[in-house]
file structure-v5.pdb (PDB, C-alpha atoms, pLDDT in the B column)
MODEL        1
ATOM      1  CA  ASP A   2     118.012  61.381 115.900  1.00 59.00           C
ATOM      2  CA  GLY A   3     115.100  63.811 116.068  1.00 68.00           C
ATOM      3  CA  GLY A   4     113.871  65.883 113.206  1.00 94.00           C
ATOM      4  CA  ILE A   5     111.410  66.498 110.419  1.00 97.00           C
ATOM      5  CA  THR A   6     111.408  64.391 107.294  1.00 97.00           C
ATOM      6  CA  GLN A   7     109.686  65.128 104.020  1.00 98.00           C
ATOM      7  CA  SER A   8     109.245  62.764 101.137  1.00 96.00           C
ATOM      8  CA  PRO A   9     109.722  62.515  98.311  1.00 96.00           C
ATOM      9  CA  LYS A  10     112.473  65.043  97.584  1.00 96.00           C
ATOM     10  CA  TYR A  11     111.116  65.468  94.029  1.00 96.00           C
ATOM     11  CA  LEU A  12     107.574  64.777  92.846  1.00 95.00           C
ATOM     12  CA  PHE A  13     106.123  64.923  89.372  1.00 92.00           C
ATOM     13  CA  ARG A  14     102.448  65.543  88.765  1.00 90.00           C
ATOM     14  CA  LYS A  15     100.471  64.942  85.612  1.00 89.00           C
ATOM     15  CA  GLU A  16      97.529  67.108  84.588  1.00 85.00           C
ATOM     16  CA  GLY A  17      94.409  66.342  86.610  1.00 87.00           C
ATOM     17  CA  GLN A  18      96.266  64.215  89.133  1.00 92.00           C
ATOM     18  CA  ASN A  19      96.184  64.529  92.920  1.00 95.00           C
ATOM     19  CA  VAL A  20      99.513  64.028  94.662  1.00 96.00           C
ATOM     20  CA  THR A  21     100.347  63.725  98.349  1.00 97.00           C
ATOM     21  CA  LEU A  22     103.441  65.085 100.073  1.00 97.00           C
ATOM     22  CA  SER A  23     104.548  63.437 103.275  1.00 98.00           C
ATOM     23  CA  CYS A  24     105.740  65.209 106.426  1.00 98.00           C
ATOM     24  CA  GLU A  25     106.728  63.348 109.589  1.00 98.00           C
ATOM     25  CA  GLN A  26     108.271  64.628 112.814  1.00 98.00           C
ATOM     26  CA  ASN A  27     109.584  62.824 115.888  1.00 96.00           C
ATOM     27  CA  LEU A  28     110.128  65.961 117.964  1.00 95.00           C
ATOM     28  CA  ASN A  29     106.876  65.481 119.917  1.00 94.00           C
ATOM     29  CA  HIS A  30     105.716  68.832 118.554  1.00 94.00           C
ATOM     30  CA  ASP A  31     102.061  69.770 118.771  1.00 93.00           C
ATOM     31  CA  ALA A  32     101.846  72.147 115.811  1.00 93.00           C
ATOM     32  CA  MET A  33     102.676  71.492 112.169  1.00 95.00           C
ATOM     33  CA  TYR A  34     102.665  73.772 109.139  1.00 95.00           C
ATOM     34  CA  TRP A  35     102.819  73.628 105.350  1.00 98.00           C
ATOM     35  CA  TYR A  36     104.378  76.426 103.326  1.00 98.00           C
ATOM     36  CA  ARG A  37     104.791  77.020  99.621  1.00 98.00           C
ATOM     37  CA  GLN A  38     107.866  78.785  98.223  1.00 97.00           C
ATOM     38  CA  ASP A  39     108.063  80.100  94.661  1.00 95.00           C
ATOM     39  CA  PRO A  40     111.372  81.226  93.090  1.00 88.00           C
ATOM     40  CA  GLY A  41     112.563  84.530  94.511  1.00 82.00           C
ATOM     41  CA  GLN A  42     109.665  84.631  96.928  1.00 85.00           C
ATOM     42  CA  GLY A  43     109.191  84.158 100.619  1.00 90.00           C
ATOM     43  CA  LEU A  44     107.191  81.391 102.221  1.00 95.00           C
ATOM     44  CA  ARG A  45     103.411  81.456 102.129  1.00 95.00           C
ATOM     45  CA  LEU A  46     101.332  79.492 104.604  1.00 95.00           C
ATOM     46  CA  ILE A  47      99.022  76.857 103.111  1.00 97.00           C
ATOM     47  CA  TYR A  48      97.615  75.046 106.152  1.00 97.00           C
ATOM     48  CA  TYR A  49      98.505  74.613 109.793  1.00 94.00           C
ATOM     49  CA  SER A  50      97.465  72.318 112.602  1.00 94.00           C
ATOM     50  CA  GLN A  51      97.829  73.086 116.285  1.00 90.00           C
ATOM     51  CA  ILE A  52      96.584  69.740 117.538  1.00 90.00           C
ATOM     52  CA  VAL A  53      95.643  66.287 116.267  1.00 94.00           C
ATOM     53  CA  ASN A  54      92.362  66.139 114.320  1.00 95.00           C
ATOM     54  CA  ASP A  55      92.260  69.896 113.870  1.00 94.00           C
ATOM     55  CA  PHE A  56      93.686  72.158 111.167  1.00 95.00           C
ATOM     56  CA  GLN A  57      93.132  75.650 109.767  1.00 94.00           C
ATOM     57  CA  LYS A  58      93.531  77.267 106.368  1.00 96.00           C
ATOM     58  CA  GLY A  59      96.447  79.566 105.818  1.00 94.00           C
ATOM     59  CA  ASP A  60      96.756  82.315 103.235  1.00 92.00           C
ATOM     60  CA  ILE A  61      96.721  80.119 100.104  1.00 96.00           C
ATOM     61  CA  ALA A  62      94.710  76.991 100.964  1.00 97.00           C
ATOM     62  CA  GLU A  63      92.724  76.767  97.713  1.00 96.00           C
ATOM     63  CA  GLY A  64      93.573  73.620  95.757  1.00 96.00           C
ATOM     64  CA  TYR A  65      95.178  71.899  98.755  1.00 97.00           C
ATOM     65  CA  SER A  66      93.937  69.581 101.491  1.00 98.00           C
ATOM     66  CA  VAL A  67      95.491  68.164 104.666  1.00 98.00           C
ATOM     67  CA  SER A  68      94.780  65.698 107.449  1.00 98.00           C
ATOM     68  CA  ARG A  69      96.155  65.363 110.970  1.00 97.00           C
ATOM     69  CA  GLU A  70      95.233  61.908 112.235  1.00 97.00           C
ATOM     70  CA  LYS A  71      98.474  61.419 114.155  1.00 97.00           C
ATOM     71  CA  LYS A  72     100.626  63.870 116.070  1.00 96.00           C
ATOM     72  CA  GLU A  73     103.701  62.877 114.050  1.00 97.00           C
ATOM     73  CA  SER A  74     102.232  63.210 110.575  1.00 98.00           C
ATOM     74  CA  PHE A  75     100.731  66.032 108.517  1.00 98.00           C
ATOM     75  CA  PRO A  76     100.372  65.024 104.848  1.00 98.00           C
ATOM     76  CA  LEU A  77      99.518  67.613 102.207  1.00 98.00           C
ATOM     77  CA  THR A  78      97.500  66.721  99.097  1.00 98.00           C
ATOM     78  CA  VAL A  79      97.848  68.933  96.050  1.00 96.00           C
ATOM     79  CA  THR A  80      94.594  68.479  94.185  1.00 95.00           C
ATOM     80  CA  SER A  81      93.825  68.927  90.503  1.00 91.00           C
ATOM     81  CA  ALA A  82      92.094  72.188  91.472  1.00 90.00           C
ATOM     82  CA  GLN A  83      95.517  73.726  92.129  1.00 91.00           C
ATOM     83  CA  LYS A  84      96.288  75.104  88.677  1.00 88.00           C
ATOM     84  CA  ASN A  85      99.845  76.214  89.325  1.00 92.00           C
ATOM     85  CA  PRO A  86     101.346  73.642  91.695  1.00 94.00           C
ATOM     86  CA  THR A  87     104.979  73.896  90.619  1.00 95.00           C
ATOM     87  CA  ALA A  88     106.832  75.098  93.722  1.00 96.00           C
ATOM     88  CA  PHE A  89     109.017  74.074  96.650  1.00 97.00           C
ATOM     89  CA  TYR A  90     106.925  72.819  99.586  1.00 98.00           C
ATOM     90  CA  LEU A  91     108.208  73.110 103.132  1.00 98.00           C
ATOM     91  CA  CYS A  92     106.834  71.484 106.243  1.00 98.00           C
ATOM     92  CA  ALA A  93     107.570  72.828 109.728  1.00 96.00           C
ATOM     93  CA  SER A  94     106.654  71.991 113.296  1.00 95.00           C
ATOM     94  CA  SER A  95     106.706  73.675 116.683  1.00 93.00           C
ATOM     95  CA  LYS A  96     105.846  73.004 120.275  1.00 89.00           C
ATOM     96  CA  ARG A  97     102.958  75.121 121.516  1.00 79.00           C
ATOM     97  CA  GLY A  98     102.771  76.905 124.818  1.00 61.00           C
ATOM     98  CA  GLY A  99     104.177  80.306 124.004  1.00 60.00           C
ATOM     99  CA  GLY A 100     107.620  81.840 124.078  1.00 61.00           C
ATOM    100  CA  ILE A 101     110.625  80.022 122.664  1.00 62.00           C
ATOM    101  CA  GLN A 102     108.608  76.807 122.464  1.00 63.00           C
ATOM    102  CA  GLU A 103     106.851  78.214 119.419  1.00 83.00           C
ATOM    103  CA  THR A 104     110.035  78.274 117.372  1.00 89.00           C
ATOM    104  CA  GLN A 105     109.368  76.573 114.060  1.00 93.00           C
ATOM    105  CA  TYR A 106     111.732  73.913 112.727  1.00 95.00           C
ATOM    106  CA  PHE A 107     111.706  73.022 109.048  1.00 97.00           C
ATOM    107  CA  GLY A 108     112.030  69.886 106.991  1.00 97.00           C
ATOM    108  CA  PRO A 109     114.243  69.593 103.881  1.00 97.00           C
ATOM    109  CA  GLY A 110     111.409  70.316 101.426  1.00 97.00           C
ATOM    110  CA  THR A 111     109.742  68.642  98.446  1.00 98.00           C
ATOM    111  CA  ARG A 112     110.014  70.082  94.959  1.00 97.00           C
ATOM    112  CA  LEU A 113     106.841  69.520  92.932  1.00 96.00           C
ATOM    113  CA  LEU A 114     107.026  69.711  89.170  1.00 93.00           C
ATOM    114  CA  VAL A 115     104.239  69.418  86.617  1.00 88.00           C
ATOM    115  CA  LEU A 116     104.737  67.161  83.588  1.00 84.00           C
TER     116      LEU A 116
ATOM    117  CA  GLY B  21      98.417  93.425 108.562  1.00 52.00           C
ATOM    118  CA  GLU B  22     101.906  92.188 109.255  1.00 57.00           C
ATOM    119  CA  ASP B  23     104.559  92.595 106.583  1.00 83.00           C
ATOM    120  CA  VAL B  24     108.298  92.098 106.381  1.00 90.00           C
ATOM    121  CA  GLU B  25     110.658  94.114 104.176  1.00 91.00           C
ATOM    122  CA  GLN B  26     114.179  93.007 103.309  1.00 93.00           C
ATOM    123  CA  SER B  27     116.696  93.963 100.653  1.00 91.00           C
ATOM    124  CA  LEU B  28     116.704  91.231  98.025  1.00 92.00           C
ATOM    125  CA  PHE B  29     120.462  91.001  97.463  1.00 96.00           C
ATOM    126  CA  LEU B  30     123.730  91.588  99.314  1.00 97.00           C
ATOM    127  CA  SER B  31     127.201  90.890  97.975  1.00 98.00           C
ATOM    128  CA  VAL B  32     130.333  90.914 100.133  1.00 97.00           C
ATOM    129  CA  ARG B  33     133.930  89.749  99.910  1.00 97.00           C
ATOM    130  CA  GLU B  34     135.120  86.800 101.957  1.00 98.00           C
ATOM    131  CA  GLY B  35     136.447  87.999 105.304  1.00 98.00           C
ATOM    132  CA  ASP B  36     134.334  91.165 105.349  1.00 97.00           C
ATOM    133  CA  SER B  37     131.347  91.703 107.617  1.00 98.00           C
ATOM    134  CA  SER B  38     127.816  91.333 106.259  1.00 98.00           C
ATOM    135  CA  VAL B  39     124.820  93.217 107.599  1.00 98.00           C
ATOM    136  CA  ILE B  40     121.356  92.056 106.621  1.00 98.00           C
ATOM    137  CA  ASN B  41     118.481  94.358 107.524  1.00 97.00           C
ATOM    138  CA  CYS B  42     114.845  93.679 108.120  1.00 95.00           C
ATOM    139  CA  THR B  43     111.875  95.960 108.795  1.00 94.00           C
ATOM    140  CA  TYR B  44     108.521  94.656 109.931  1.00 86.00           C
ATOM    141  CA  THR B  45     105.189  96.437 110.278  1.00 81.00           C
ATOM    142  CA  ASP B  46     104.179  94.587 113.428  1.00 73.00           C
ATOM    143  CA  SER B  47     105.106  91.519 115.377  1.00 70.00           C
ATOM    144  CA  SER B  48     103.334  89.671 118.145  1.00 71.00           C
ATOM    145  CA  SER B  49     106.227  87.282 118.651  1.00 75.00           C
ATOM    146  CA  THR B  50     107.952  86.991 121.965  1.00 80.00           C
ATOM    147  CA  TYR B  51     111.020  86.068 119.930  1.00 86.00           C
ATOM    148  CA  LEU B  52     112.316  87.266 116.556  1.00 89.00           C
ATOM    149  CA  TYR B  53     114.179  84.822 114.351  1.00 93.00           C
ATOM    150  CA  TRP B  54     116.780  84.605 111.644  1.00 96.00           C
ATOM    151  CA  TYR B  55     116.628  81.607 109.320  1.00 97.00           C
ATOM    152  CA  LYS B  56     119.173  80.568 106.682  1.00 98.00           C
ATOM    153  CA  GLN B  57     118.212  78.714 103.488  1.00 97.00           C
ATOM    154  CA  GLU B  58     120.890  77.120 101.330  1.00 96.00           C
ATOM    155  CA  PRO B  59     120.034  76.248  97.706  1.00 93.00           C
ATOM    156  CA  GLY B  60     117.481  73.457  97.430  1.00 92.00           C
ATOM    157  CA  ALA B  61     117.241  73.025 101.196  1.00 95.00           C
ATOM    158  CA  GLY B  62     114.843  73.757 104.000  1.00 96.00           C
ATOM    159  CA  LEU B  63     115.175  76.628 106.447  1.00 97.00           C
ATOM    160  CA  GLN B  64     117.724  76.344 109.228  1.00 97.00           C
ATOM    161  CA  LEU B  65     117.192  78.294 112.426  1.00 96.00           C
ATOM    162  CA  LEU B  66     120.279  80.480 112.727  1.00 96.00           C
ATOM    163  CA  THR B  67     119.606  82.527 115.824  1.00 95.00           C
ATOM    164  CA  TYR B  68     116.849  84.362 117.640  1.00 92.00           C
ATOM    165  CA  ILE B  69     116.423  87.302 120.000  1.00 92.00           C
ATOM    166  CA  PHE B  70     113.950  87.869 122.789  1.00 90.00           C
ATOM    167  CA  SER B  71     111.756  90.831 121.851  1.00 87.00           C
ATOM    168  CA  ASN B  72     112.704  92.714 125.045  1.00 89.00           C
ATOM    169  CA  MET B  73     116.414  92.588 124.224  1.00 91.00           C
ATOM    170  CA  ASP B  74     118.220  94.968 121.910  1.00 94.00           C
ATOM    171  CA  MET B  75     121.306  92.897 121.154  1.00 96.00           C
ATOM    172  CA  LYS B  76     122.403  89.291 121.113  1.00 97.00           C
ATOM    173  CA  GLN B  77     125.822  87.932 120.169  1.00 96.00           C
ATOM    174  CA  ASP B  78     126.311  84.322 119.120  1.00 93.00           C
ATOM    175  CA  GLN B  79     129.868  83.585 117.885  1.00 96.00           C
ATOM    176  CA  ARG B  80     130.159  85.337 114.486  1.00 97.00           C
ATOM    177  CA  LEU B  81     126.535  86.471 114.580  1.00 97.00           C
ATOM    178  CA  THR B  82     125.240  89.690 116.148  1.00 98.00           C
ATOM    179  CA  VAL B  83     121.544  90.465 116.181  1.00 97.00           C
ATOM    180  CA  LEU B  84     120.362  94.025 116.811  1.00 97.00           C
ATOM    181  CA  LEU B  85     116.737  94.869 117.511  1.00 95.00           C
ATOM    182  CA  ASN B  86     115.267  98.368 117.507  1.00 93.00           C
ATOM    183  CA  LYS B  87     111.765  97.689 118.655  1.00 89.00           C
ATOM    184  CA  LYS B  88     110.657 101.324 118.409  1.00 89.00           C
ATOM    185  CA  ASP B  89     111.609 101.459 114.709  1.00 91.00           C
ATOM    186  CA  LYS B  90     110.645  97.801 114.116  1.00 90.00           C
ATOM    187  CA  HIS B  91     114.076  97.150 112.674  1.00 94.00           C
ATOM    188  CA  LEU B  92     116.047  93.939 113.027  1.00 95.00           C
ATOM    189  CA  SER B  93     119.534  93.317 111.695  1.00 97.00           C
ATOM    190  CA  LEU B  94     121.926  90.396 111.465  1.00 98.00           C
ATOM    191  CA  ARG B  95     125.656  91.022 111.320  1.00 98.00           C
ATOM    192  CA  ILE B  96     127.915  88.186 110.232  1.00 98.00           C
ATOM    193  CA  ALA B  97     131.571  88.772 111.086  1.00 98.00           C
ATOM    194  CA  ASP B  98     134.356  87.326 108.917  1.00 98.00           C
ATOM    195  CA  THR B  99     131.876  86.188 106.257  1.00 98.00           C
ATOM    196  CA  GLN B 100     132.775  82.887 104.616  1.00 97.00           C
ATOM    197  CA  THR B 101     131.696  81.328 101.313  1.00 96.00           C
ATOM    198  CA  GLY B 102     129.618  78.870 103.342  1.00 96.00           C
ATOM    199  CA  ASP B 103     127.503  81.807 104.508  1.00 97.00           C
ATOM    200  CA  SER B 104     126.175  82.249 100.954  1.00 97.00           C
ATOM    201  CA  ALA B 105     122.437  81.617 101.284  1.00 97.00           C
ATOM    202  CA  ILE B 106     119.069  83.321 101.562  1.00 97.00           C
ATOM    203  CA  TYR B 107     118.315  84.823 104.976  1.00 98.00           C
ATOM    204  CA  PHE B 108     114.793  85.297 106.349  1.00 97.00           C
ATOM    205  CA  CYS B 109     113.569  87.294 109.354  1.00 95.00           C
ATOM    206  CA  PRO B 110     109.907  86.346 109.797  1.00 92.00           C
ATOM    207  CA  SER B 111     107.597  88.326 112.028  1.00 86.00           C
ATOM    208  CA  GLY B 112     105.058  86.625 114.242  1.00 81.00           C
ATOM    209  CA  GLU B 113     101.322  87.073 114.281  1.00 75.00           C
ATOM    210  CA  SER B 114      99.012  86.709 117.244  1.00 67.00           C
ATOM    211  CA  GLN B 115      98.115  83.061 116.508  1.00 70.00           C
ATOM    212  CA  GLY B 116     101.764  82.063 116.592  1.00 73.00           C
ATOM    213  CA  ASN B 117     102.160  81.824 112.824  1.00 84.00           C
ATOM    214  CA  LEU B 118     105.091  83.429 111.005  1.00 89.00           C
ATOM    215  CA  ILE B 119     104.972  85.997 108.206  1.00 90.00           C
ATOM    216  CA  PHE B 120     107.901  85.761 105.795  1.00 93.00           C
ATOM    217  CA  GLY B 121     109.387  88.390 103.516  1.00 92.00           C
ATOM    218  CA  LYS B 122     111.131  87.496 100.279  1.00 93.00           C
ATOM    219  CA  GLY B 123     114.478  86.992 101.992  1.00 95.00           C
ATOM    220  CA  THR B 124     117.914  88.472 101.356  1.00 97.00           C
ATOM    221  CA  LYS B 125     120.253  86.544  99.095  1.00 96.00           C
ATOM    222  CA  LEU B 126     123.799  86.867 100.413  1.00 98.00           C
ATOM    223  CA  SER B 127     126.585  86.208  97.906  1.00 98.00           C
ATOM    224  CA  VAL B 128     130.112  85.878  99.231  1.00 97.00           C
ATOM    225  CA  LYS B 129     132.913  86.422  96.717  1.00 95.00           C
ATOM    226  CA  PRO B 130     136.308  84.829  97.349  1.00 91.00           C
TER     227      PRO B 130
ENDMDL
END

call {"tool": "encode", "arguments": {"input": "structure-v5.pdb", "output": "structure tokens"}}
result
Amino acid sequence: DGGITQSPKYLFRKEGQNVTLSCEQNLNHDAMYWYRQDPGQGLRLIYYSQIVNDFQKGDIAEGYSVSREKKESFPLTVTSAQKNPTAFYLCASSKRGGGIQETQYFGPGTRLLVL
Amino acid sequence: GEDVEQSLFLSVREGDSSVINCTYTDSSSTYLYWYKQEPGAGLQLLTYIFSNMDMKQDQRLTVLLNKKDKHLSLRIADTQTGDSAIYFCPSGESQGNLIFGKGTKLSVKP
């Protein structure tokens, strides 16, 4: 049963705390992405990775960090430097190589709330 | 840079057709996509169209692409309450990333 999993579904962060959101895929996809969605807004790209051990900043990378040590996993850390972290976080993945292979598939999302 | 414009809301009666429109400033994608997002869920790939086509039909879904005007539309025939969701039509940039608009919230009234 292939797909993208994100955990946890809900996450609570205290002031000054770093929290890590998990994203795993078993689709053998090369590329993975993290997006942030605020209410009534579209998705904004935080970070993306086209290959293991390499990643690039998206449009709103400040206050976030990522790693890509394994092809299947792309965890996102929301650091204390991110002053407004409350949002819905979506992970996606795609095969690379151009054309229809670059279609992005999304996980179910993690909702981050600040206590 | 790339941008995507969509109407924020659309309300239809069950059984009617829905047409969701999308205008983009530029797209480097070989394919253009429609995604559906139900409340509290991730995005589900609904359908896609090859950028050299002008129409694609997929059961109740019809996608029309006017590449000259950079206009994409999604028609849902016989709209059902289960079609209530937010619909996104991202454009693609040269690196393969997607640019999302705010989405169109479709409400289906029984």

call {"tool": "closest_atom_pairs", "arguments": {"input": "structure-v5.pdb", "of": "chain B", "to": "chain A", "cutoff": "9 Å", "atoms": "all atoms listed in the file", "output": "CSV"}}
result
residue,atom,partner,partner_atom,distance
B:Leu28,CA,A:Gly41,CA,8.6
B:Ser49,CA,A:Gly100,CA,7.8
B:Thr50,CA,A:Gly100,CA,5.6
B:Tyr51,CA,A:Ile101,CA,6.6
B:Tyr53,CA,A:Thr104,CA,8.3
B:Gly60,CA,A:Gly110,CA,7.9
B:Ala61,CA,A:Pro109,CA,5.3
B:Gly62,CA,A:Pro109,CA,4.2
B:Leu63,CA,A:Phe107,CA,5.6
B:Gln64,CA,A:Phe107,CA,6.9
B:Leu65,CA,A:Tyr106,CA,7.0
B:Phe70,CA,A:Ile101,CA,8.5
B:Phe108,CA,A:Gly43,CA,8.1
B:Gly116,CA,A:Glu103,CA,7.0
B:Asn117,CA,A:Leu46,CA,8.6
B:Leu118,CA,A:Leu46,CA,8.4
B:Ile119,CA,A:Arg45,CA,7.7
B:Phe120,CA,A:Gly43,CA,5.6
B:Gly121,CA,A:Gly43,CA,5.1
B:Lys122,CA,A:Gly43,CA,3.9
B:Gly123,CA,A:Gly43,CA,6.2

call {"tool": "write_last_selection", "arguments": {"input": "structure-v5.pdb", "atoms": "C-alpha atoms", "output": "PDB file, in the frame of the given file"}}
result
ATOM      1  CA  LEU B  28     116.704  91.231  98.025  1.00 92.00           C
ATOM      2  CA  SER B  49     106.227  87.282 118.651  1.00 75.00           C
ATOM      3  CA  THR B  50     107.952  86.991 121.965  1.00 80.00           C
ATOM      4  CA  TYR B  51     111.020  86.068 119.930  1.00 86.00           C
ATOM      5  CA  TYR B  53     114.179  84.822 114.351  1.00 93.00           C
ATOM      6  CA  GLY B  60     117.481  73.457  97.430  1.00 92.00           C
ATOM      7  CA  ALA B  61     117.241  73.025 101.196  1.00 95.00           C
ATOM      8  CA  GLY B  62     114.843  73.757 104.000  1.00 96.00           C
ATOM      9  CA  LEU B  63     115.175  76.628 106.447  1.00 97.00           C
ATOM     10  CA  GLN B  64     117.724  76.344 109.228  1.00 97.00           C
ATOM     11  CA  LEU B  65     117.192  78.294 112.426  1.00 96.00           C
ATOM     12  CA  PHE B  70     113.950  87.869 122.789  1.00 90.00           C
ATOM     13  CA  PHE B 108     114.793  85.297 106.349  1.00 97.00           C
ATOM     14  CA  GLY B 116     101.764  82.063 116.592  1.00 73.00           C
ATOM     15  CA  ASN B 117     102.160  81.824 112.824  1.00 84.00           C
ATOM     16  CA  LEU B 118     105.091  83.429 111.005  1.00 89.00           C
ATOM     17  CA  ILE B 119     104.972  85.997 108.206  1.00 90.00           C
ATOM     18  CA  PHE B 120     107.901  85.761 105.795  1.00 93.00           C
ATOM     19  CA  GLY B 121     109.387  88.390 103.516  1.00 92.00           C
ATOM     20  CA  LYS B 122     111.131  87.496 100.279  1.00 93.00           C
ATOM     21  CA  GLY B 123     114.478  86.992 101.992  1.00 95.00           C
TER      22      GLY B 123
END

call {"tool": "resolve_selection", "arguments": {"input": "structure-v5.pdb", "expression": "the PyMOL selection byres ((chain A and resi 76) around 9)", "output": "mmCIF file with C-alpha atoms, keeping the file's coordinate frame"}}
result
data_model
loop_
_atom_site.group_PDB
_atom_site.id
_atom_site.type_symbol
_atom_site.label_atom_id
_atom_site.label_comp_id
_atom_site.auth_asym_id
_atom_site.auth_seq_id
_atom_site.Cartn_x
_atom_site.Cartn_y
_atom_site.Cartn_z
ATOM 1 C CA THR A 21 100.347 63.725 98.349
ATOM 2 C CA LEU A 22 103.441 65.085 100.073
ATOM 3 C CA SER A 23 104.548 63.437 103.275
ATOM 4 C CA CYS A 24 105.740 65.209 106.426
ATOM 5 C CA GLU A 25 106.728 63.348 109.589
ATOM 6 C CA TRP A 35 102.819 73.628 105.350
ATOM 7 C CA SER A 66 93.937 69.581 101.491
ATOM 8 C CA VAL A 67 95.491 68.164 104.666
ATOM 9 C CA SER A 68 94.780 65.698 107.449
ATOM 10 C CA ARG A 69 96.155 65.363 110.970
ATOM 11 C CA SER A 74 102.232 63.210 110.575
ATOM 12 C CA PHE A 75 100.731 66.032 108.517
ATOM 13 C CA LEU A 77 99.518 67.613 102.207
ATOM 14 C CA THR A 78 97.500 66.721 99.097
#

call {"tool": "atom_distance", "arguments": {"input": "structure-v5.pdb", "atom1": "CA of Tyr65 in chain A", "atom2": "CA of Leu114 in chain A"}}
result
15.4 Å

call {"tool": "residues_around", "arguments": {"input": "structure-v5.pdb", "residues": "range 96-103 of chain B", "least_positions_apart": "6", "cutoff": "12 Å", "atoms": "only C-alpha atoms", "output": "mmCIF file with C-alpha atoms, in the coordinates of the input"}}
result
data_model
loop_
_atom_site.group_PDB
_atom_site.id
_atom_site.type_symbol
_atom_site.label_atom_id
_atom_site.label_comp_id
_atom_site.auth_asym_id
_atom_site.auth_seq_id
_atom_site.Cartn_x
_atom_site.Cartn_y
_atom_site.Cartn_z
ATOM 1 C CA LEU B 30 123.730 91.588 99.314
ATOM 2 C CA SER B 31 127.201 90.890 97.975
ATOM 3 C CA VAL B 32 130.333 90.914 100.133
ATOM 4 C CA ARG B 33 133.930 89.749 99.910
ATOM 5 C CA GLU B 34 135.120 86.800 101.957
ATOM 6 C CA GLY B 35 136.447 87.999 105.304
ATOM 7 C CA ASP B 36 134.334 91.165 105.349
ATOM 8 C CA SER B 37 131.347 91.703 107.617
ATOM 9 C CA SER B 38 127.816 91.333 106.259
ATOM 10 C CA VAL B 39 124.820 93.217 107.599
ATOM 11 C CA ILE B 40 121.356 92.056 106.621
ATOM 12 C CA ASN B 41 118.481 94.358 107.524
ATOM 13 C CA TRP B 54 116.780 84.605 111.644
ATOM 14 C CA TYR B 55 116.628 81.607 109.320
ATOM 15 C CA LYS B 56 119.173 80.568 106.682
ATOM 16 C CA GLN B 57 118.212 78.714 103.488
ATOM 17 C CA GLU B 58 120.890 77.120 101.330
ATOM 18 C CA PRO B 59 120.034 76.248 97.706
ATOM 19 C CA LEU B 66 120.279 80.480 112.727
ATOM 20 C CA THR B 67 119.606 82.527 115.824
ATOM 21 C CA GLN B 77 125.822 87.932 120.169
ATOM 22 C CA ASP B 78 126.311 84.322 119.120
ATOM 23 C CA GLN B 79 129.868 83.585 117.885
ATOM 24 C CA ARG B 80 130.159 85.337 114.486
ATOM 25 C CA LEU B 81 126.535 86.471 114.580
ATOM 26 C CA THR B 82 125.240 89.690 116.148
ATOM 27 C CA VAL B 83 121.544 90.465 116.181
ATOM 28 C CA LEU B 84 120.362 94.025 116.811
ATOM 29 C CA LYS B 125 120.253 86.544 99.095
ATOM 30 C CA LEU B 126 123.799 86.867 100.413
ATOM 31 C CA SER B 127 126.585 86.208 97.906
ATOM 32 C CA VAL B 128 130.112 85.878 99.231
ATOM 33 C CA LYS B 129 132.913 86.422 96.717
ATOM 34 C CA PRO B 130 136.308 84.829 97.349
#

call {"tool": "resolve_selection", "arguments": {"input": "structure-v5.pdb", "expression": "the PyMOL selection byres ((chain A and resi 52-54) around 7)", "output": "PyMOL selection string"}}
result
chain A and resi 31-32+50-51+55-56+69-72

call {"tool": "closest_residue", "arguments": {"input": "structure-v5.pdb", "among": "A:Gly4, A:Lys96, A:Thr80, A:Leu12", "to": "Asn27 in chain A", "atoms": "all atoms listed in the file"}}
result
A:Gly4

call {"tool": "residues_around", "arguments": {"input": "structure-v5.pdb", "residues": "Glu63 in chain A", "least_positions_apart": "6", "cutoff": "9 Å", "atoms": "all atoms listed in the file", "output": "count of residues only"}}
result
3

call {"tool": "atom_distance", "arguments": {"input": "structure-v5.pdb", "atom1": "CA of Thr43 in chain B", "atom2": "CA of Met33 in chain A"}}
result
26.4 Å

call {"tool": "atom_distance", "arguments": {"input": "structure-v5.pdb", "atom1": "CA of Gln7 in chain A", "atom2": "CA of Ser81 in chain A"}}
result
21.2 Å

call {"tool": "axis_aligned_box", "arguments": {"input": "structure-v5.pdb", "around": "range 14-17 of chain A", "padding_each_side": "4 Å", "output": "AutoDock Vina command-line options"}}
result
--center_x 98.4 --center_y 66.0 --center_z 86.7 --size_x 16.0 --size_y 10.2 --size_z 12.2

call {"tool": "resolve_selection", "arguments": {"input": "structure-v5.pdb", "expression": "the PyMOL selection byres ((chain A and resi 15) around 10)", "output": "list in words"}}
result
Phe13, Arg14, Glu16, Gly17, Gln18, Asn19, Val20, Ser81, Leu114, Val115 and Leu116 of chain A

call {"tool": "closest_residue", "arguments": {"input": "structure-v5.pdb", "among": "A:His30, A:Tyr36, A:Ser8, A:Asp60", "to": "Ala88 in chain A", "atoms": "all atoms listed in the file"}}
result
A:Tyr36
